[in-house]
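Here is the structure we will look at, set down as structure tokens.
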Number of protein chains: 2
Amino acid sequence: MIKTNILIIGGGPAGIVSAAVARKNNADKKITLIRENKKEIIPCGIPYIFNRLDSVEKNLMPDKSLKANKIDLLIDKAVKIDTNKKIVNLKDGGKINYDKLILATGSKPILIPIKGIDKKGVWQIKKDFEYLKKLRQAALKSKNIVIIGGGFIGVEIAEELSSIKKLNISIIEKLNHCLITTFDEEFAAAAEEKIKRKRVKIFTKAAVKEITGKNKVEFVKLDNGKNIPADLVILSIGAKPNAALVKETKIKLGNYNGIWVDKYMRTNIPDVFAVGDCAETKDFFTGKHIPIMLASTATTEARIAGANLYQLKNLRKNKGTITAFSTYVNGLVLGGTGLTENKAKTEKFNIIVGASECPSHHPKALPNTESVKVKLIFSKTSKTLLGGQIIGPESTSEMINILALAIQRKMTAYDFETLQISTHPLLTASPTIYPLITAAQNALK
Amino acid sequence: MIKTNILIIGGGPAGIVSAAVARKNNADKKITLIRENKKEIIPCGIPYIFNRLDSVEKNLMPDKSLKANKIDLLIDKAVKIDTNKKIVNLKDGGKINYDKLILATGSKPILIPIKGIDKKGVWQIKKDFEYLKKLRQAALKSKNIVIIGGGFIGVEIAEELSSIKKLNISIIEKLNHCLITTFDEEFAAAAEEKIKRKRVKIFTKAAVKEITGKNKVEFVKLDNGKNIPADLVILSIGAKPNAALVKETKIKLGNYNGIWVDKYMRTNIPDVFAVGDCAETKDFFTGKHIPIMLASTATTEARIAGANLYQLKNLRKNKGTITAFSTYVNGLVLGGTGLTENKAKTEKFNIIVGASECPSHHPKALPNTESVKVKLIFSKTSKTLLGGQIIGPESTSEMINILALAIQRKMTAYDFETLQISTHPLLTASPTIYPLITAAQNALK
């Protein structure tokens, strides 16, 4: 029996960061991380293995943080947890005794019952090195690729593959727009516009009736009767918490089969923590469960758990997830944080909305000047920022982080009006019309 | 006699924004803006008239905001203010009667008594269309250009001119590094390294003894005896408040000859406000005067004044200037906000400092991946953020705005540890080592 002080199950972003932060807070403890894969994939990098990275090998999580933090790495699969005896059983027969356990077992792709889904040529997005290598090879040999699901991963894979000239790519999305669960209509439509210019066909309000073909997939048949030729189908319809390991334990699940956790990422069982995609995520504003699985969210949770293992430190707790993300579509960056206008209305927030648009550099005659478009959503009564969306150049990804911080610090539209900012002709919008300030002013009008 | 409700003197960023915000808050008032120049220069764009903008015409402030906000524009020079009668006299003999007056008269270049400074071929950075056109023509015809003063403007002009192959460019800086009044040594040195690669010669710890030449400038002689050939000399040694207009009034000056203002940008005289470079700037942390003249700071002040003319609204007040800026040097962006380590020590803050460095994209094999380097300075006792500096790609300019906001919202190093952020492989650093978080963690170690 191996004895360790801190045991982390899972080697994704949540696991790695848990281990590093646990080490920062516990110089003398023995820390062990178990993961199934010898080579661990960077989850958000998967769309880019086809072209920009040109291989799956280049999309591996480096182990140097584990080494630098003196974490014992064990390649094995945890198959059972005994929370009374504090023992985890491994697939190879070994056992590990822990003081503190962090579950960071991640997520699994969602599968839906489509006829023909088990045909050869139908692929999922698995965080599995060998599987992704095969998917990559198969995709590069294809001609017609159909992507089922127009969320981030679906759109990013389509955009990546669209740079390979010989491929015909289609996205099938059951809602009225791609990305519409995370952006308001005008932003989702702008992303679609950009991806269509790369010859990607988009079928919205479309459900898959059947995947047909003799030995392997040949067509994807939609419920409107349309038949799309396909050598290869990629399912990207979302993910669900991978909580299989807790099924035979007394570790409680939350409302959506993620592991229930308190604000310190503790499960209901003493000395057992859960972080990342396998843990239930609660919304910053409503406290409701939200199906958000982002590496950035996972690492925040890991930083909380890693610091709170033996003592609750500096009240480092999870205030609820605000969601903050950005994506790149054919030269355009789209980012969002907090509630969309749609979501705020669905949740019955009384809101005011302000938009703005201006050149990304000033004067706009400067090279590489694009347009920055901002939308901010505030509470009508308290004027507190509820959410924001931005379209613009690469720096949009960090502008979203300004808004994410503003939400976390409960900023109001009035605070934006006197916001002190840095600007530069070659790098940002003009200080006279800085778009975050202008959007707030317009919301207050 | 013209009668107006709100009179703004000055057409730079502070004037324009004062007018726009005054209009937002006062739909029915008559608002008049007086400026001397028919064509108004964008101050921060001046370095880029030589090459990237390829003309001075492309660096003009558009008048469309004035038109859209129904601001009466008067091209004239205010020569006298009678604050009792509330009358401003104009150079052409006209008079304007106001209810509320906003002074936004900007700044003027500092001149130092160097022998030979009045020689032909010695230029200043004036916000004057015709003057800058002549400077541009003269610079493009030169061979050897010497820039006296290695602050932002000096370095940016050198970088811009260095793309014109036939020019030999030198910067003379009296301190030990260029940009050292705004960055700590390691950041200033990195900027110097980058500009040197563009064949710009840098002479630090060097004072100019004399500018020599027969009919026009031929050499710049340093106090160490070095003689630098020069067809053209550009003085960029800073600016001072242009407060000439208040000299014969009872409007009080502050400690450094800027106009004294309270937190609502009111001068000591009722109904007279001052904003931008002509107004005294006070430090966010110490309350001391600081010689900061940035368009972004000016516009914040303008937004405060414009909203507070008739009533103090939502307590929109100036909490003190944090300074936030970024600059671009040959592919590298450097940004800073708040106090540098040097400045914090000089002001006797008890500090902790954390640094971090990581790839700008993740995995780092992705195209266009650079390095991001962050330094954060916190109070040792309260752990409150005092300042930060970043070197990295273009998005650095908006990362600085995250830090600027963090200072304004009094964030601590602990808050950074649980910061929720947005990341993306093609756009940002990895969430596992997001550099603002890592730097805060390292400061706490």
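We label chains A, B, ... in the order they appear in the structure tokens, count residues from 1 in each chain, and number ligands from 1 in the order shown.
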For the structure I just gave you, how does DSSP split segment 19-146 of chain B - specifically, which residues are helix (DSSP H, G or I)? Reply as a VMD selection string. chain B and resid 19 to 25 43 to 49 57 to 59 64 to 68 129 to 140
Atoms kept (C-alpha atoms) for selection, written as a CSV table (one decimal), in the first residue's frame:
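The result, written out as result_31.csv:
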```
chain,number,residue,atom,x,y,z
B,19,ALA,CA,-18.2,68.5,-24.4
B,20,ALA,CA,-19.7,65.1,-25.2
B,21,VAL,CA,-20.3,64.2,-21.5
B,22,ALA,CA,-21.6,67.7,-20.8
B,23,ARG,CA,-24.1,67.1,-23.6
B,24,LYS,CA,-25.1,63.6,-22.3
B,25,ASN,CA,-25.9,65.3,-18.9
B,43,PRO,CA,-1.6,63.9,-29.5
B,44,CYS,CA,-0.7,60.2,-29.0
B,45,GLY,CA,-0.6,59.7,-32.7
B,46,ILE,CA,2.2,62.2,-33.4
B,47,PRO,CA,5.0,59.6,-33.4
B,48,TYR,CA,3.3,57.8,-36.2
B,49,ILE,CA,2.9,60.6,-38.7
B,57,GLU,CA,-3.6,64.7,-42.2
B,58,LYS,CA,-4.4,61.2,-41.2
B,59,ASN,CA,-3.7,62.1,-37.5
B,64,LYS,CA,-18.0,64.4,-35.9
B,65,SER,CA,-18.4,64.0,-32.1
B,66,LEU,CA,-18.8,67.7,-31.8
B,67,LYS,CA,-21.4,67.7,-34.6
B,68,ALA,CA,-23.2,64.7,-33.2
B,129,PHE,CA,-0.7,70.8,-37.8
B,130,GLU,CA,1.4,73.1,-40.0
B,131,TYR,CA,4.5,72.8,-37.7
B,132,LEU,CA,4.3,69.0,-37.7
B,133,LYS,CA,3.9,68.9,-41.5
B,134,LYS,CA,7.2,70.8,-41.7
B,135,LEU,CA,8.9,68.6,-39.1
B,136,ARG,CA,7.8,65.5,-41.1
B,137,GLN,CA,9.2,66.8,-44.3
B,138,ALA,CA,12.4,67.8,-42.7
B,139,ALA,CA,12.8,64.5,-41.0
B,140,LEU,CA,12.3,62.5,-44.2
```
Spatial neighbours of Glu280 of chain A, 7 Å, only C-alpha atoms, chain gap at least 4 places, as a ChimeraX atom specification: /A:254,258-261,289
Serialized selection, N, CA and C atoms, as a PDB file, in the first residue's frame:
```pdb
ATOM      1  N   GLY A 254     -24.568  16.491  -7.367  1.00  0.00           N
ATOM      2  CA  GLY A 254     -25.439  17.672  -7.367  1.00  0.00           C
ATOM      3  C   GLY A 254     -26.631  17.447  -8.287  1.00  0.00           C
ATOM      4  N   GLY A 258     -22.967  16.194 -11.590  1.00  0.00           N
ATOM      5  CA  GLY A 258     -21.622  16.597 -11.198  1.00  0.00           C
ATOM      6  C   GLY A 258     -21.506  16.362  -9.695  1.00  0.00           C
ATOM      7  N   ILE A 259     -20.278  16.312  -9.203  1.00  0.00           N
ATOM      8  CA  ILE A 259     -20.086  16.071  -7.772  1.00  0.00           C
ATOM      9  C   ILE A 259     -20.441  17.342  -6.986  1.00  0.00           C
ATOM     10  N   TRP A 260     -21.285  17.186  -5.979  1.00  0.00           N
ATOM     11  CA  TRP A 260     -21.677  18.322  -5.166  1.00  0.00           C
ATOM     12  C   TRP A 260     -20.466  18.842  -4.385  1.00  0.00           C
ATOM     13  N   VAL A 261     -20.279  20.169  -4.354  1.00  0.00           N
ATOM     14  CA  VAL A 261     -19.191  20.761  -3.566  1.00  0.00           C
ATOM     15  C   VAL A 261     -19.684  22.016  -2.865  1.00  0.00           C
ATOM     16  N   HIS A 289     -27.227  25.628 -10.784  1.00  0.00           N
ATOM     17  CA  HIS A 289     -26.257  24.844 -11.546  1.00  0.00           C
ATOM     18  C   HIS A 289     -26.196  25.361 -12.981  1.00  0.00           C
TER      19      HIS A 289
END
```
Show me, as a PyMOL selection string, the residues of chain B whose atoms get within 6 Å of chain A, using only C-alpha atoms for the distance check. chain B and resi 17+45+53+59+296+300+324-325+363+366+395+398-399+401-402+418+421-422+425+431-432
Close residues, Ile153 of chain A itself excluded, 9 Å, only C-alpha atoms, min 4 positions apart in chain, as a PyMOL selection string: chain A and resi 44+46-47+125+149+157-158+236-238
